[in-house]
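Enquirer: Okay, here's the structure, questions in a sec.
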Amino acid sequence: MSDRGDGIEVRPADDRKTFKHFVQLPYQIYDGDPNWVAPLIRDVKTAFNKKKHPFHTHSEVQPFVAFRDGRPVGRIVAINNRNHVAYHEEPVGFFGYFECINDPEVAAALFDRTAEWLRERGLQTMRGPASFSLNEMAGLLTMGFDRPPTVMMPYNPEYYVDLVTGAGFEEVQSLIGYHLSHSDAPEKLVKLEKKLEKRLGVRTRTIDMDNFEGELERLRDLYNKAWEKNWGFVPMTDAEIDFMAHELKPLVKRIPTQVIFAERDDGETIGFTLFLMDANQALIHAKGRLFPFGLVKILKYLPTMNYCRVLTLGLVPEARGQGIDNLLIMALFRHGGAAGTIGGEFSWILEDNTAMRKPLERIGSVISKRYLLYDRAI
């Protein structure tokens with residue numbers, strides 16, 4: 001417990017009552033915000049359940065809640081991602097799940113307590129937001145407050161930028177979200193597709209749900225190979241990939257064409273892309289609760305989803321620079337259009353990843369959202 005002498009008390013959210021405040025606080029922060037999509041309370045609880053979420057098998061997290069005069073006014077999670085420290089050989093800890101009233105003193109109290117916790121574990125830099133890692137939700141929204149977030153992307157009030165920078169953080173990385181306002185493939189790409197397939201000896205196919213475990217094995221290998229050189233990337237453990245895959249399985253099972261592989265004629269899998277129909281278009285009506293009426297609302301609005309998010313599009317290193325990404329993009333247009341999309345978001349992409357950004361801009365995508373990650377020496 002930390003009391004700064006200014007009426008602000010920061011408590012570990014270890015007991016049931018304090019953790020309930022941790023879970024419920026966003027409803028206070030976002031009251032009246034039409035663009036906020038409440039996460040399912042069940043999912044938040046699962047994330048902090050050490051027996052269910054595999055992140056806890058290799059790393060450590062500590063949720064905190066800030067109180068003023070007995071009233072919850074902010075929350076944060078200190079994250080010691082041991083796999084990140086080992087993989088990058090840097091003493092960096094993280095903060096995530098940050099929510100706060102518009103008060104610099106409350107924000108400072110939360111960040112100071114997090115810094116103290118990380119420092120006790122030998123870490124020298126605090127980075128964030130990330131919940132729990134860059135493989136999950138990451139970044140502070142700094143541009144694009146005019147529409148709700150897409151599925152599995154963060155959202156926050158504009159004033160959070162001032163709270164973070166005012167607490168001594170500096171920008172360390174910029175993440176981009178692209179918006180595509182149509183689902184019609186460019187004519188040039190349509191004409192190019194067959195020529196590329198023949199010249200490269202590459203074809204695309206969608207996931208075989210009858211062999212889900214075998215397909216998951218392919219995804220596991222591809223994911224870690226395709227992103228191993230990305231800034232901040234940490235290989236996902238087998239348990240983490242299994243956890244995420246089985247969480248997404250109901251959405252993929254509904255429309256299996258959302259997972260697309262690129263394969264050579266000899267059967268070698270060299271890349272994949274994953275898009276998801278934007279479930280937030282339905283979840284926004286549930287207010288984070290499945291019962292008693294949330295599930296009914298979700299089921300009501302699921303058929304109306306007409307927007308998607310492209311989460312990943314990656315190739316193994318030896319397959320890059322040959323135009324294979326164009327085949328995956330063409331497959332996205334084909335299968336996304338068949339699923340009923342009228343547009344979509346590509347997110348997130350590192351701002352300096354020009355190899356990925358240029359193809360998206362060539363098909364008419366425009367930057368619609370920007371997210372920042374920040375560092376602070378501790």
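Just remember, in the structure tokens the first chain shown is A, the second B, etc., residues are 1-based per chain, and ligands are 1-based in the order shown.
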When you look at stretch 115-122 of chain A with a cut-off of 12 Å (counting only C-alpha atoms), what residues show up, excluding the ones that are within fewer than 6 positions of it in the same chain? I need them as an mmCIF file with N, CA and C atoms, in the first residue's frame.

Expert:
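Saved file part-v6.cif follows:
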data_model
loop_
_atom_site.group_PDB
_atom_site.id
_atom_site.type_symbol
_atom_site.label_atom_id
_atom_site.label_comp_id
_atom_site.auth_asym_id
_atom_site.auth_seq_id
_atom_site.Cartn_x
_atom_site.Cartn_y
_atom_site.Cartn_z
ATOM 1 N N MET A 1 0.851 -1.200 0.000
ATOM 2 C CA MET A 1 0.000 0.000 0.000
ATOM 3 C C MET A 1 0.882 1.243 0.000
ATOM 4 N N SER A 2 0.500 2.258 -0.761
ATOM 5 C CA SER A 2 1.295 3.479 -0.857
ATOM 6 C C SER A 2 0.402 4.685 -0.647
ATOM 7 N N VAL A 10 -2.458 4.169 -3.169
ATOM 8 C CA VAL A 10 -2.363 3.157 -4.214
ATOM 9 C C VAL A 10 -2.251 1.790 -3.547
ATOM 10 N N PRO A 12 -2.425 -2.566 -3.857
ATOM 11 C CA PRO A 12 -2.410 -3.751 -4.720
ATOM 12 C C PRO A 12 -3.816 -4.323 -4.819
ATOM 13 N N SER A 59 6.141 -15.074 -16.375
ATOM 14 C CA SER A 59 6.315 -13.678 -15.996
ATOM 15 C C SER A 59 5.427 -13.318 -14.810
ATOM 16 N N GLU A 60 5.489 -12.062 -14.414
ATOM 17 C CA GLU A 60 4.847 -11.629 -13.171
ATOM 18 C C GLU A 60 4.118 -10.310 -13.410
ATOM 19 N N VAL A 61 2.917 -10.201 -12.879
ATOM 20 C CA VAL A 61 2.155 -8.954 -12.993
ATOM 21 C C VAL A 61 1.591 -8.571 -11.623
ATOM 22 N N GLN A 62 1.385 -7.275 -11.445
ATOM 23 C CA GLN A 62 0.792 -6.783 -10.209
ATOM 24 C C GLN A 62 -0.178 -5.650 -10.516
ATOM 25 N N PRO A 63 -1.490 -5.881 -10.361
ATOM 26 C CA PRO A 63 -2.464 -4.807 -10.556
ATOM 27 C C PRO A 63 -2.547 -3.906 -9.320
ATOM 28 N N PHE A 64 -2.749 -2.605 -9.566
ATOM 29 C CA PHE A 64 -2.917 -1.618 -8.500
ATOM 30 C C PHE A 64 -4.161 -0.784 -8.775
ATOM 31 N N ILE A 76 -3.687 0.527 -12.700
ATOM 32 C CA ILE A 76 -2.526 0.225 -13.538
ATOM 33 C C ILE A 76 -2.065 -1.187 -13.211
ATOM 34 N N VAL A 77 -1.283 -1.768 -14.116
ATOM 35 C CA VAL A 77 -0.670 -3.070 -13.858
ATOM 36 C C VAL A 77 0.827 -2.959 -14.128
ATOM 37 N N ALA A 78 1.630 -3.379 -13.167
ATOM 38 C CA ALA A 78 3.078 -3.477 -13.347
ATOM 39 C C ALA A 78 3.372 -4.865 -13.905
ATOM 40 N N ILE A 79 4.232 -4.920 -14.921
ATOM 41 C CA ILE A 79 4.464 -6.172 -15.653
ATOM 42 C C ILE A 79 5.960 -6.454 -15.763
ATOM 43 N N ASN A 80 6.382 -7.550 -15.201
ATOM 44 C CA ASN A 80 7.759 -8.024 -15.356
ATOM 45 C C ASN A 80 7.735 -9.166 -16.361
ATOM 46 N N ASN A 81 7.926 -8.807 -17.635
ATOM 47 C CA ASN A 81 7.902 -9.787 -18.720
ATOM 48 C C ASN A 81 9.303 -10.387 -18.835
ATOM 49 N N ARG A 82 9.522 -11.463 -18.129
ATOM 50 C CA ARG A 82 10.855 -12.061 -18.094
ATOM 51 C C ARG A 82 11.309 -12.549 -19.468
ATOM 52 N N VAL A 85 12.797 -9.553 -21.257
ATOM 53 C CA VAL A 85 14.108 -9.223 -20.699
ATOM 54 C C VAL A 85 15.172 -10.174 -21.238
ATOM 55 N N GLU A 90 17.575 -6.690 -22.208
ATOM 56 C CA GLU A 90 17.450 -5.322 -21.709
ATOM 57 C C GLU A 90 16.546 -5.326 -20.485
ATOM 58 N N PRO A 91 16.909 -4.555 -19.460
ATOM 59 C CA PRO A 91 16.134 -4.537 -18.211
ATOM 60 C C PRO A 91 14.914 -3.630 -18.293
ATOM 61 N N VAL A 92 13.951 -4.015 -19.127
ATOM 62 C CA VAL A 92 12.747 -3.212 -19.356
ATOM 63 C C VAL A 92 11.541 -3.916 -18.740
ATOM 64 N N GLY A 93 10.784 -3.167 -17.946
ATOM 65 C CA GLY A 93 9.504 -3.629 -17.445
ATOM 66 C C GLY A 93 8.401 -2.846 -18.132
ATOM 67 N N PHE A 94 7.172 -3.246 -17.913
ATOM 68 C CA PHE A 94 6.055 -2.636 -18.629
ATOM 69 C C PHE A 94 4.949 -2.196 -17.669
ATOM 70 N N PHE A 95 4.129 -1.263 -18.162
ATOM 71 C CA PHE A 95 2.866 -0.970 -17.482
ATOM 72 C C PHE A 95 1.737 -1.199 -18.481
ATOM 73 N N ALA A 108 0.497 10.295 -11.602
ATOM 74 C CA ALA A 108 1.862 10.229 -11.069
ATOM 75 C C ALA A 108 1.965 9.178 -9.973
ATOM 76 N N ALA A 109 0.950 9.103 -9.119
ATOM 77 C CA ALA A 109 0.960 8.111 -8.042
ATOM 78 C C ALA A 109 0.973 6.694 -8.602
ATOM 79 N N GLY A 128 5.383 1.302 -21.941
ATOM 80 C CA GLY A 128 3.980 0.959 -22.088
ATOM 81 C C GLY A 128 3.203 1.999 -22.874
ATOM 82 N N ALA A 167 4.092 12.744 -16.821
ATOM 83 C CA ALA A 167 4.721 11.918 -15.791
ATOM 84 C C ALA A 167 6.152 11.536 -16.162
ATOM 85 N N GLY A 168 6.687 12.168 -17.211
ATOM 86 C CA GLY A 168 8.093 11.968 -17.546
ATOM 87 C C GLY A 168 8.376 10.924 -18.600
ATOM 88 N N PHE A 169 7.359 10.442 -19.291
ATOM 89 C CA PHE A 169 7.571 9.452 -20.340
ATOM 90 C C PHE A 169 7.933 10.129 -21.661
ATOM 91 N N ASP A 375 8.636 5.290 -22.992
ATOM 92 C CA ASP A 375 9.617 4.813 -22.014
ATOM 93 C C ASP A 375 9.853 5.866 -20.941
ATOM 94 N N ARG A 376 10.188 5.379 -19.751
ATOM 95 C CA ARG A 376 10.604 6.261 -18.664
ATOM 96 C C ARG A 376 11.667 5.554 -17.861
ATOM 97 N N ALA A 377 12.808 6.206 -17.674
ATOM 98 C CA ALA A 377 13.852 5.623 -16.847
ATOM 99 C C ALA A 377 13.361 5.549 -15.404
ATOM 100 N N ILE A 378 13.660 4.444 -14.742
ATOM 101 C CA ILE A 378 13.209 4.291 -13.349
ATOM 102 C C ILE A 378 14.385 3.979 -12.425
#

Enquirer: Each residue of stretch 98-195 of chain A lying at most 7 Å from stretch 341-360 of chain A should get a row with its shortest atom-to-atom pair and the distance in Å to one decimal, counting only C-alpha atoms; could you produce that, ordered by chain and increasing number, as a tab-separated table?

Expert:
residue	atom	partner	partner_atom	distance
A:Ser174	CA	A:Glu351	CA	5.5
A:Leu175	CA	A:Leu350	CA	4.7
A:Ile176	CA	A:Ile349	CA	5.0
A:Gly177	CA	A:Ser347	CA	4.5
A:Tyr178	CA	A:Phe346	CA	5.0
A:His179	CA	A:Glu345	CA	4.6
A:Leu180	CA	A:Gly344	CA	5.3
A:Ser181	CA	A:Gly343	CA	4.6
A:His182	CA	A:Gly343	CA	4.5
A:Ser183	CA	A:Ile342	CA	5.3

Enquirer: Identify which of the residues A:Thr304, A:Asn326, A:Thr204, A:Asn280 lies closest to A:Thr150, counting only C-alpha atoms when measuring atom-to-atom distances.

Expert: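 Using only C-alpha atoms, the shortest distance to A:Thr150 belongs to A:Asn280.
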
Enquirer: For A:Glu240, find every residue with an atom within 7 Å (counting only C-alpha atoms), except residues of its own chain fewer than 3 positions away, and show them as a list in words.

Expert: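 That gives Pro54, Phe55, Met236, Thr237, Phe243 and Met244 of chain A.
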
Enquirer: May I ask which of the residues A:Gly201, A:Gly139, A:Gly32, A:Gly70 is the closest one to A:Tyr160, counting only C-alpha atoms?

Expert: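 Closest to A:Tyr160 of all the choices is A:Gly139.
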
Enquirer: Which one is closest to A:Met137: A:Ala279, A:Glu105, A:Leu311, A:Gln258? Count only C-alpha atoms.

Expert: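 With only C-alpha atoms as the atom set, the closest residue is A:Leu311.
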
Enquirer: Name the closest residue to A:Val202 among the candidates A:Gly96, A:Pro250, A:Gly337, A:Gly267; distances are taken between atoms, counting only C-alpha atoms.

Expert: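 Of A:Gly96, A:Pro250, A:Gly337, A:Gly267, the one nearest A:Val202 is A:Gly267, counting only C-alpha atoms.
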
Enquirer: Which residues are near A:Gly271? Cut-off 7 Å, only C-alpha atoms, ignore same chain within fewer than 3 positions. Put them as a PDB file with N, CA and C atoms, in the first residue's frame.

Expert:
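As a result, part-v3.pdb now contains:
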ATOM      1  N   LEU A 222       5.054 -20.300 -38.220  1.00  0.00           N
ATOM      2  CA  LEU A 222       5.069 -19.126 -39.090  1.00  0.00           C
ATOM      3  C   LEU A 222       5.131 -17.832 -38.301  1.00  0.00           C
ATOM      4  N   PHE A 261      -3.489 -18.976 -45.769  1.00  0.00           N
ATOM      5  CA  PHE A 261      -2.083 -19.371 -45.874  1.00  0.00           C
ATOM      6  C   PHE A 261      -1.562 -19.112 -47.286  1.00  0.00           C
ATOM      7  N   ALA A 262      -0.258 -18.848 -47.376  1.00  0.00           N
ATOM      8  CA  ALA A 262       0.443 -18.831 -48.665  1.00  0.00           C
ATOM      9  C   ALA A 262       1.356 -20.048 -48.696  1.00  0.00           C
ATOM     10  N   GLY A 314       2.113 -11.799 -42.738  1.00  0.00           N
ATOM     11  CA  GLY A 314       3.544 -11.999 -42.624  1.00  0.00           C
ATOM     12  C   GLY A 314       4.063 -13.137 -43.469  1.00  0.00           C
ATOM     13  N   LEU A 315       5.337 -13.033 -43.830  1.00  0.00           N
ATOM     14  CA  LEU A 315       6.019 -14.052 -44.614  1.00  0.00           C
ATOM     15  C   LEU A 315       7.316 -14.442 -43.918  1.00  0.00           C
ATOM     16  N   VAL A 316       7.726 -15.681 -44.099  1.00  0.00           N
ATOM     17  CA  VAL A 316       9.036 -16.074 -43.582  1.00  0.00           C
ATOM     18  C   VAL A 316      10.087 -15.265 -44.335  1.00  0.00           C
TER      19      VAL A 316
END

Enquirer: When DSSP is applied to the backbone of this structure, which of stretch 75-238 of chain A are assigned strand (DSSP E)? Write them out as a VMD selection string.

Expert: chain A and resid 75 to 80 92 to 100 125 to 128 130 to 131 137 to 138 140 to 143 170 to 180 202 to 206

Enquirer: Using only C-alpha atoms, can you tell me which of A:Ala319, A:Leu123, A:Val106, A:Leu140 comes closest to A:Val172?

Expert: A:Leu140
